[in-house]
>>> print(open('upload_33.cif').read())   # mmCIF, C-alpha atoms
data_upload
loop_
_atom_site.label_atom_id
_atom_site.label_comp_id
_atom_site.auth_asym_id
_atom_site.auth_seq_id
_atom_site.Cartn_x
_atom_site.Cartn_y
_atom_site.Cartn_z
CA MET B 1 45.50 14.41 125.95
CA GLU B 2 45.37 10.89 124.52
CA THR B 3 48.43 9.58 122.67
CA GLU B 4 46.34 8.89 119.60
CA THR B 5 45.12 12.47 119.53
CA VAL B 6 48.65 13.80 119.90
CA TYR B 7 49.91 11.71 117.00
CA SER B 8 46.92 12.63 114.87
CA LYS B 9 47.47 16.35 115.35
CA LEU B 10 51.23 15.96 115.08
CA THR B 11 50.83 14.17 111.75
CA ASP B 12 48.89 17.15 110.43
CA VAL B 13 51.66 19.44 111.66
CA PHE B 14 54.34 17.42 109.89
CA HIS B 15 52.34 17.27 106.67
CA ASP B 16 51.89 21.02 106.81
CA VAL B 17 55.45 22.01 107.75
CA PHE B 18 57.14 19.62 105.30
CA ASP B 19 54.43 19.96 102.64
CA ASP B 20 54.37 16.19 102.36
CA ASP B 21 51.24 14.15 103.06
CA GLU B 22 53.20 10.93 102.73
CA ILE B 23 55.03 11.33 106.04
CA VAL B 24 54.03 8.66 108.50
CA LEU B 25 54.94 9.31 112.08
CA SER B 26 56.44 6.69 114.32
CA PRO B 27 58.05 7.06 117.75
CA HIS B 28 61.56 6.50 116.34
CA LEU B 29 61.24 8.91 113.43
CA SER B 30 63.93 11.61 113.58
CA ALA B 31 65.44 14.41 111.48
CA ASN B 32 67.62 11.93 109.63
CA ASP B 33 64.54 10.15 108.28
CA VAL B 34 62.69 13.13 106.85
CA GLU B 35 63.97 14.89 103.77
CA GLY B 36 64.37 18.61 104.20
CA TRP B 37 64.34 18.57 107.98
CA ASP B 38 66.95 21.29 108.38
CA SER B 39 67.30 23.92 111.07
CA LEU B 40 64.80 26.24 109.42
CA LYS B 41 62.18 23.51 109.19
CA HIS B 42 62.96 22.55 112.76
CA VAL B 43 62.16 26.10 113.89
CA ARG B 44 58.89 26.06 111.99
CA LEU B 45 58.02 22.61 113.23
CA LEU B 46 58.46 23.56 116.87
CA LEU B 47 56.55 26.82 116.44
CA THR B 48 53.67 25.04 114.71
CA VAL B 49 53.60 22.43 117.45
CA GLU B 50 53.46 25.19 120.07
CA ARG B 51 50.58 26.89 118.27
CA THR B 52 48.67 23.68 117.57
CA PHE B 53 48.88 22.34 121.09
CA ARG B 54 48.95 25.73 122.85
CA ILE B 55 52.15 25.00 124.72
CA LYS B 56 55.57 26.63 125.09
CA PHE B 57 58.88 24.79 124.99
CA SER B 58 61.90 25.64 127.08
CA THR B 59 65.48 25.47 125.81
CA SER B 60 66.29 22.43 127.91
CA GLU B 61 63.18 20.59 126.67
CA ILE B 62 63.85 21.01 122.97
CA GLY B 63 67.57 20.38 123.34
CA ARG B 64 67.02 16.86 124.60
CA LEU B 65 64.51 15.63 122.03
CA LYS B 66 65.68 12.53 120.19
CA ASN B 67 62.76 11.66 117.99
CA VAL B 68 59.05 12.08 117.34
CA GLY B 69 58.22 9.74 120.21
CA GLU B 70 59.92 12.03 122.70
CA LEU B 71 58.32 15.07 121.10
CA ALA B 72 54.90 13.44 121.43
CA ALA B 73 55.56 12.52 125.05
CA LEU B 74 56.65 16.08 125.80
CA ILE B 75 53.54 17.46 124.16
CA GLN B 76 51.39 15.08 126.15
CA SER B 77 53.00 16.17 129.40
CA LYS B 78 52.42 19.84 128.65
CA ALA B 79 49.11 19.90 126.84
CA SER B 80 45.91 19.94 128.87
CA MET F 1 94.67 6.56 105.06
CA ASN F 2 97.69 7.76 107.01
CA ASN F 3 97.87 7.96 110.79
CA THR F 4 97.56 11.73 110.94
CA THR F 5 94.31 11.76 108.97
CA THR F 6 92.92 8.93 111.11
CA THR F 7 93.79 10.80 114.32
CA ASN F 8 92.28 14.03 113.08
CA THR F 9 89.06 12.40 112.06
CA LYS F 10 88.77 10.35 115.26
CA LEU F 11 88.91 13.38 117.52
CA VAL F 12 86.32 15.15 115.43
CA GLU F 13 84.17 12.03 115.33
CA ASP F 14 84.44 11.61 119.10
CA PHE F 15 83.39 15.21 119.55
CA SER F 16 80.43 14.87 117.19
CA SER F 17 79.31 11.65 118.88
CA LEU F 18 79.19 13.45 122.21
CA VAL F 19 77.22 16.31 120.65
CA LEU F 20 74.68 14.00 119.09
CA ALA F 21 74.32 11.85 122.22
CA GLU F 22 72.72 14.89 123.87
CA ASN F 23 71.27 16.51 120.76
CA PRO F 24 70.15 13.73 118.40
CA LEU F 25 67.96 15.98 116.27
CA HIS F 26 71.16 17.72 115.20
CA THR F 27 72.32 14.47 113.52
CA SER F 28 71.37 15.35 109.97
CA PHE F 29 73.10 18.72 110.15
CA MET F 30 76.24 17.33 111.78
CA ASN F 31 76.52 14.47 109.28
CA GLN F 32 76.24 16.85 106.36
CA SER F 33 78.87 19.14 107.88
CA LEU F 34 81.30 16.32 108.46
CA GLN F 35 80.76 14.76 105.04
CA SER F 36 81.37 18.02 103.23
CA MET F 37 84.21 19.16 105.49
CA ARG F 38 87.50 19.82 103.71
CA GLU F 39 90.64 18.13 104.96
CA ASP F 40 92.23 21.44 105.97
CA THR F 41 89.10 22.48 107.90
CA CYS F 42 89.07 19.10 109.65
CA ALA F 43 92.71 19.59 110.54
CA GLU F 44 91.97 23.06 111.94
CA LEU F 45 89.03 21.79 113.97
CA THR F 46 91.15 18.95 115.29
CA ALA F 47 93.89 21.40 116.22
CA TYR F 48 91.38 23.63 118.00
CA LEU F 49 89.85 20.72 119.93
CA SER F 50 93.36 19.56 120.85
CA TYR F 51 94.25 23.05 122.03
CA CYS F 52 91.12 23.14 124.20
CA GLN F 53 92.03 19.79 125.71
CA SER F 54 95.56 21.05 126.39
CA VAL F 55 94.16 23.88 128.52
CA GLY F 56 92.17 21.41 130.60
CA LEU F 57 88.82 21.24 128.82
CA THR F 58 87.17 17.91 128.20
CA LEU F 59 85.47 16.86 124.98
CA ASP F 60 82.27 16.52 127.02
CA TYR F 61 82.51 20.17 128.02
CA LEU F 62 83.21 21.22 124.44
CA ALA F 63 80.25 19.19 123.19
CA GLU F 64 78.09 20.80 125.86
CA SER F 65 79.35 24.22 124.80
CA TYR F 66 78.51 23.55 121.17
CA ASN F 67 75.05 22.27 122.11
CA THR F 68 74.51 25.38 124.22
CA ILE F 69 74.93 27.62 121.22
CA VAL F 70 72.85 25.32 118.98
CA ASN F 71 69.92 25.14 121.39
CA ASP F 72 69.99 28.74 122.56
CA THR F 73 70.17 29.93 118.96
CA LEU F 74 67.22 27.69 118.10
CA MET F 75 65.08 29.36 120.79
CA GLU F 76 65.99 32.80 119.48
CA GLN F 77 65.28 31.73 115.92
CA MET F 78 61.84 30.61 117.04
CA TYR F 79 61.24 34.01 118.62
CA PHE F 80 62.45 35.77 115.49
CA GLU F 81 60.30 33.63 113.21
CA GLU F 82 57.20 34.58 115.19
CA ASN F 83 57.94 38.22 115.84
CA LYS F 84 60.27 39.19 112.96
CA ARG F 85 62.57 40.95 115.39
CA TYR F 86 65.26 40.05 117.87
CA ARG F 87 64.11 39.44 121.41
CA TRP F 88 66.30 42.19 122.91
CA SER F 89 67.17 45.63 121.64
CA ARG F 90 69.27 47.01 124.48
CA PHE F 91 72.64 45.92 125.77
CA ASP F 92 71.57 46.09 129.42
CA GLU F 93 68.73 43.62 128.78
CA LEU F 94 71.17 40.78 128.24
CA ALA F 95 74.58 41.88 129.47
CA ASN F 96 74.36 40.21 132.87
CA ALA F 97 72.99 36.96 131.46
CA VAL F 98 75.61 36.74 128.72
CA TYR F 99 78.73 38.95 128.75
CA PHE F 100 79.10 39.21 132.49
CA ASP F 101 78.17 35.60 133.25
CA ASP F 102 81.61 34.02 133.13
CA ALA F 103 80.48 30.38 133.00
CA TYR F 104 77.91 30.97 130.26
CA MET F 105 80.19 33.23 128.23
CA ARG F 106 82.99 30.68 128.22
CA LYS F 107 80.66 27.96 126.91
CA TYR F 108 79.22 30.35 124.37
CA MET F 109 82.67 31.33 123.10
CA TYR F 110 84.01 27.78 122.83
CA GLY F 111 80.80 26.71 121.09
CA LEU F 112 81.00 29.69 118.76
CA ALA F 113 84.61 28.93 117.87
CA ILE F 114 83.65 25.39 116.90
CA THR F 115 80.88 26.65 114.62
CA ALA F 116 83.61 28.30 112.52
CA PHE F 117 84.47 24.78 111.32
CA LEU F 118 81.02 23.15 111.27
CA TRP F 119 78.48 25.74 110.12
CA PRO F 120 78.80 26.27 106.35
CA ASN F 121 78.24 30.03 106.54
CA HIS F 122 80.85 30.46 109.25
CA VAL F 123 83.27 28.33 107.25
CA ALA F 124 82.69 30.57 104.23
CA LEU F 125 83.45 33.71 106.23
CA HIS F 126 86.52 32.14 107.75
CA ASP F 127 87.79 31.18 104.29
CA PHE F 128 87.19 34.76 103.15
CA PHE F 129 89.14 36.02 106.16
CA THR F 130 92.21 33.90 105.42
CA ARG F 131 92.08 34.54 101.68
CA THR F 132 91.94 38.33 102.02
CA PHE F 133 94.28 38.72 104.98
CA PRO F 134 97.37 40.82 104.15
CA ARG F 135 100.07 38.22 104.75
CA GLY F 136 103.16 39.55 106.46
CA ARG F 137 101.47 42.87 107.34
CA ARG F 138 103.49 44.79 109.91
CA GLY F 139 102.53 47.56 112.33
CA THR F 140 99.92 47.23 115.05
CA TYR F 141 96.95 44.89 114.87
CA LEU F 142 93.71 45.72 116.62
CA GLU F 143 90.88 43.30 117.17
CA ILE F 144 87.61 44.56 118.59
CA GLY F 145 85.81 41.79 120.45
CA PRO F 146 88.26 38.89 119.96
CA GLY F 147 85.92 36.62 121.93
CA HIS F 148 87.31 33.09 121.70
CA GLY F 149 90.62 34.39 120.35
CA TYR F 150 90.81 32.15 117.30
CA TYR F 151 90.91 34.95 114.73
CA PHE F 152 93.39 36.78 116.97
CA MET F 153 95.65 33.75 116.88
CA GLN F 154 95.35 33.37 113.12
CA SER F 155 96.06 37.05 112.53
CA ALA F 156 99.22 36.74 114.62
CA GLN F 157 100.30 33.79 112.47
CA LEU F 158 99.41 35.34 109.11
CA GLY F 159 100.79 38.81 109.82
CA ASP F 160 104.15 40.06 111.04
CA PHE F 161 102.86 42.63 113.48
CA GLU F 162 105.09 44.35 116.01
CA ARG F 163 102.12 44.55 118.32
CA LEU F 164 98.71 42.92 118.66
CA LEU F 165 95.94 44.41 120.75
CA GLY F 166 92.55 42.97 121.60
CA VAL F 167 89.76 44.94 123.27
CA ASP F 168 86.76 43.10 124.71
CA ILE F 169 84.01 44.00 127.15
CA SER F 170 83.74 40.45 128.50
CA ALA F 171 86.15 39.22 131.17
CA ALA F 172 85.62 35.65 129.97
CA SER F 173 86.57 36.57 126.41
CA VAL F 174 89.63 38.44 127.61
CA ALA F 175 90.70 35.35 129.57
CA LEU F 176 90.11 33.04 126.60
CA THR F 177 92.11 35.24 124.25
CA ARG F 178 94.93 35.53 126.78
CA ASP F 179 94.95 31.72 126.99
CA VAL F 180 95.36 31.58 123.23
CA ILE F 181 98.18 34.13 123.31
CA ARG F 182 100.05 32.13 125.94
CA HIS F 183 99.46 28.72 124.39
CA PHE F 184 100.57 29.70 120.91
CA GLY F 185 103.45 31.82 122.14
CA ILE F 186 102.11 34.88 120.37
CA ASP F 187 103.72 37.21 122.90
CA LYS F 188 107.14 35.59 122.60
CA LYS F 189 108.19 37.61 119.56
CA ARG F 190 106.01 40.70 119.82
CA ARG F 191 103.77 42.58 122.19
CA ALA F 192 100.37 40.98 122.47
CA GLU F 193 97.78 42.13 124.96
CA VAL F 194 94.07 42.02 125.59
CA VAL F 195 92.28 44.76 127.46
CA GLU F 196 88.93 44.35 129.21
CA THR F 197 87.01 47.51 128.45
CA ASN F 198 84.37 49.14 126.28
CA PHE F 199 85.99 49.75 122.91
CA LEU F 200 84.16 53.05 122.46
CA THR F 201 85.78 54.55 125.53
CA PHE F 202 89.20 52.99 125.01
CA HIS F 203 91.88 55.48 124.01
CA GLU F 204 95.45 54.91 123.00
CA ALA F 205 98.30 57.20 122.04
CA ASN F 206 98.84 55.21 118.85
CA GLU F 207 95.66 55.95 116.98
CA GLU F 208 96.37 54.37 113.65
CA TYR F 209 96.41 50.63 113.23
CA SER F 210 97.67 48.69 110.23
CA CYS F 211 95.01 46.03 110.50
CA ILE F 212 91.67 46.07 112.30
CA VAL F 213 89.43 43.04 112.71
CA MET F 214 85.95 43.09 114.21
CA GLY F 215 84.05 39.84 113.90
CA GLU F 216 80.45 39.47 114.97
CA VAL F 217 80.19 42.72 116.93
CA LEU F 218 77.88 45.05 115.01
CA GLU F 219 74.78 42.98 115.70
CA HIS F 220 75.62 42.91 119.41
CA VAL F 221 75.71 46.67 120.00
CA GLU F 222 73.08 49.38 120.18
CA ASP F 223 74.98 51.80 117.95
CA PRO F 224 76.84 49.86 115.27
CA GLY F 225 77.48 53.05 113.30
CA LEU F 226 79.53 54.43 116.16
CA PHE F 227 81.74 51.34 116.10
CA LEU F 228 82.30 51.80 112.37
CA SER F 229 83.08 55.50 112.63
CA THR F 230 85.52 54.78 115.46
CA ILE F 231 87.24 52.23 113.24
CA ALA F 232 87.45 54.86 110.50
CA ARG F 233 89.05 57.28 112.95
CA LEU F 234 91.64 54.68 113.96
CA SER F 235 92.53 53.82 110.36
CA GLY F 236 94.98 55.20 107.85
CA PRO F 237 94.69 55.01 104.07
CA SER F 238 96.29 51.54 103.93
CA THR F 239 94.70 49.98 107.01
CA HIS F 240 93.22 46.57 106.26
CA ILE F 241 89.81 46.36 107.92
CA PHE F 242 87.86 43.11 108.18
CA ILE F 243 84.42 42.85 109.76
CA THR F 244 81.69 40.26 109.90
CA THR F 245 78.06 40.55 110.84
CA CYS F 246 74.74 38.96 109.99
CA MET F 247 71.21 39.63 108.86
CA ASN F 248 68.01 38.06 110.18
CA ALA F 249 70.14 35.80 112.37
CA ALA F 250 68.79 35.60 115.87
CA ALA F 251 71.03 34.69 118.79
CA VAL F 252 70.92 35.19 122.55
CA ASP F 253 72.87 38.44 122.38
CA HIS F 254 71.92 39.96 119.02
CA ILE F 255 70.25 43.34 119.42
CA SER F 256 70.85 45.30 116.20
CA LEU F 257 68.84 43.75 113.40
CA PHE F 258 70.03 44.14 109.82
CA ARG F 259 67.42 42.88 107.37
CA ARG F 260 69.24 43.48 104.11
CA GLY F 261 72.81 43.68 102.89
CA ARG F 262 72.09 47.23 101.77
CA ASP F 263 71.37 48.18 105.39
CA VAL F 264 74.88 47.19 106.41
CA GLU F 265 76.61 48.67 103.37
CA ASP F 266 74.82 51.99 103.79
CA LEU F 267 75.91 52.07 107.42
CA ILE F 268 79.49 51.39 106.39
CA THR F 269 79.46 54.18 103.83
CA ALA F 270 77.77 56.60 106.21
CA ASN F 271 80.54 56.14 108.75
CA GLY F 272 83.66 56.92 106.78
CA LEU F 273 84.47 53.50 105.33
CA GLN F 274 84.31 51.85 101.91
CA VAL F 275 83.63 48.27 100.95
CA VAL F 276 86.60 46.73 99.13
CA GLU F 277 85.22 43.22 98.90
CA SER F 278 82.27 41.38 100.40
CA CYS F 279 81.33 37.78 101.07
CA TYR F 280 77.64 37.06 101.55
CA ALA F 281 76.74 33.61 102.88
CA PRO F 282 72.97 33.17 102.65
CA TYR F 283 71.11 30.36 104.37
CA VAL F 284 72.19 27.10 102.71
CA GLY F 285 70.23 26.46 99.55
CA LYS F 286 68.81 29.99 99.33
CA THR F 287 69.89 33.08 97.45
CA LEU F 288 70.59 36.40 99.08
CA ALA F 289 67.44 37.84 97.53
CA GLU F 290 65.33 34.99 98.92
CA CYS F 291 66.80 35.47 102.36
CA GLU F 292 66.15 39.20 102.33
CA GLU F 293 62.58 38.69 101.11
CA LYS F 294 61.75 35.95 103.62
CA SER F 295 63.83 37.20 106.55
CA LEU F 296 66.13 34.20 106.48
CA PRO F 297 69.62 34.25 108.03
CA VAL F 298 72.58 35.59 106.11
CA ASN F 299 76.16 35.88 107.32
CA VAL F 300 78.38 38.48 105.72
CA ALA F 301 81.99 39.60 105.83
CA TYR F 302 83.55 42.72 104.39
CA VAL F 303 87.02 43.92 103.67
CA LEU F 304 86.89 47.70 104.16
CA ARG F 305 89.15 50.69 103.86
CA LYS F 306 88.99 54.21 105.13
CA ALA F 307 87.00 56.41 102.76
#
>>> encode(input="upload_33.cif", output="C-alpha cells")
Amino acid sequence: METETVYSKLTDVFHDVFDDDEIVLSPHLSANDVEGWDSLKHVRLLLTVERTFRIKFSTSEIGRLKNVGELAALIQSKAS
Amino acid sequence: MNNTTTTNTKLVEDFSSLVLAENPLHTSFMNQSLQSMREDTCAELTAYLSYCQSVGLTLDYLAESYNTIVNDTLMEQMYFEENKRYRWSRFDELANAVYFDDAYMRKYMYGLAITAFLWPNHVALHDFFTRTFPRGRRGTYLEIGPGHGYYFMQSAQLGDFERLLGVDISAASVALTRDVIRHFGIDKKRRAEVVETNFLTFHEANEEYSCIVMGEVLEHVEDPGLFLSTIARLSGPSTHIFITTCMNAAAVDHISLFRRGRDVEDLITANGLQVVESCYAPYVGKTLAECEEKSLPVNVAYVLRKA
C-alpha cells in the first residue's frame, strides 16, 4: 500500500476516533500532541486501525510504537 | 529542594525515562502520573524501586516489567473492547503461560507492584487500604494471593500481628513475598510464612484470623464466590477483611468478569460477608454509572466483615 494511501486512511481513523477533523498527521505526531489520547482512546485507535486496514497487531509491535510515522510504517508492512 | 526529595525524584525519573524509551506512546500517561503524584507516594515508589535494586534487580528490568504489564493489558483491553468479554474463562487456559511461568510471573508482579504508585485507580485503592487498616491489630494475619508482597509488607508494618501467613498458587509470587519478608525483617519479631498452594484446599488448625487481605484475586478465579465463602468461614465477628477486584478491566489472567458494582456486592452478600465500606475508582474522568453503562474499567476495594 502506498504511503499516501496509508496516511489518508489513517487521517480518517484519527478524525473518527478523536472526533476532531482538525488533526493533521505527521510522522512525529505522538500521544503527547493530541488532546484526549489516553489509554482508552489508544485501544480504540488500534482497533479501528486493525479494522480499517484489515490487519492484526501483536503485543511486541504495538509496544514499540513511538509515533504516527512508526504506526504508518507498521501498517504498510502488514497491509496488502 | 532538599537532598532527599531530589534523590527520590531522580530515581523515579530515571525509571520513567527507561519506560518511555521503550514505550514512547505511554509518555502522556506517565507525565500526568508523575505530575500529580503526591510526595508520600513518590517516596514509597522510590523506596520500592530501591528495595528491588537491593535484591539485585536493575532499573532496566523494572522498566521492562512495567512495560510488560502495560502492553499485555493493552492487548487484552483491545480484545475486551471488541468482544465485551475477557479472552479466557478458565484457569487452565492461562495458568501455564502466567502463574506457572516463573520468568513471566516475576515481571508481571514487579510491574503490577509499580502500578500501585503510578496508576490513579491503583493509588486510590492503596490509599483506601492504608486508611482503613486496623493499626496495631494483633492475632494472625492471612493474605490470599500476596503476589508481589507489597501489601503483605505494609500489613506487617501497620499491624502488630503475632503471625503473618500468605497463601499463593504461584511459586514466583511465593518467592517474591519471601524476599520481602527477609528484606524488611518481618520474620524477626513474629512468625511470617508464605505457603505455595491452592487457597481453597489449604487447611490450618487455627481457623480464625484477625485480619484477612485478598487483593486482585476474585477476577482471577473461576469461582469467586467460593473464595468469599471460605473467607467468611475463616473469620470471626471482629475480623478485618479487605479485598480488591475490578470490573470491565481486562488483563492477561482475568477470567471472572464483573460488569457492575452490584454484581460484586451481591456475591459478597450471598457468601456470608457484609460490606462495611467501599472505594470505587472508575476510569479517570468517568463516573461509575458511565463505566457500567459503557463497559469501562473500574477498580474497587471493600472493607468487609462476617455477616
>>> resolve_selection(input="upload_33.cif", expression="the PyMOL selection byres ((chain F) within 9 of (chain B))", output="number ranges by chain")
F: 21-29, 67-68, 70-72, 74-75, 77-79, 81-82, 296
>>> atom_distance(input="upload_33.cif", atom1="CA of Phe15 in chain F", atom2="CA of His148 in chain F")
18.4 Å
>>> residues_around(input="upload_33.cif", residues="Arg135 in chain F", least_positions_apart="6", cutoff="9 Å", atoms="all atoms listed in the file", output="PyMOL selection string")
chain F and resi 155+157-160
>>> closest_residue(input="upload_33.cif", among="F:Lys306, F:Arg138, F:Arg106, F:Arg259", to="Phe242 in chain F", atoms="only C-alpha atoms")
F:Lys306
>>> resolve_selection(input="upload_33.cif", expression="the PyMOL selection byres ((chain F and resi 49) around 10)", output="list of chain:residue names")
F:Asn8, F:Leu11, F:Val12, F:Phe15, F:Ala43, F:Glu44, F:Leu45, F:Thr46, F:Ala47, F:Tyr48, F:Ser50, F:Tyr51, F:Cys52, F:Gln53, F:Ser54, F:Leu57, F:Thr58, F:Leu59, F:Leu62, F:Tyr110, F:Ala113, F:Ile114
>>> atom_distance(input="upload_33.cif", atom1="CA of Leu125 in chain F", atom2="CA of Tyr151 in chain F")
11.4 Å
>>> resolve_selection(input="upload_33.cif", expression="the PyMOL selection byres ((chain B and resi 7) around 10)", output="PyMOL selection string")
chain B and resi 2-6+8-13+24-27+68-69+71-73+75-76
>>> residues_around(input="upload_33.cif", residues="Leu112 in chain F", least_positions_apart="3", cutoff="12 Å", atoms="only C-alpha atoms", output="PyMOL selection string")
chain F and resi 62-70+72-73+104-109+115-119+122-123+146-151+173+215-216+251
>>> axis_aligned_box(input="upload_33.cif", around="range 19-34 of chain B", padding_each_side="3 Å", output="AutoDock Vina command-line options")
--center_x 59.4 --center_y 13.2 --center_z 110.1 --size_x 22.4 --size_y 19.5 --size_z 21.4
>>> atom_distance(input="upload_33.cif", atom1="CA of Thr41 in chain F", atom2="CA of Cys246 in chain F")
22.0 Å
>>> residues_around(input="upload_33.cif", residues="Lys188 in chain F", least_positions_apart="6", cutoff="12 Å", atoms="only C-alpha atoms", output="PyMOL selection string")
chain F and resi 156+162-164+181-182
>>> residues_around(input="upload_33.cif", residues="Gly272 in chain F", least_positions_apart="3", cutoff="8 Å", atoms="all atoms listed in the file", output="MDAnalysis selection string")
chainID F and resid 228:229 232 268:269 306:307
>>> closest_residue(input="upload_33.cif", among="F:Ser278, F:Thr177, F:Asn271, F:Ser33", to="Arg233 in chain F", atoms="all atoms listed in the file")
F:Asn271
>>> closest_residue(input="upload_33.cif", among="F:Thr230, F:Thr245, F:Asn299, F:Asn96", to="Ala171 in chain F", atoms="only C-alpha atoms")
F:Asn96
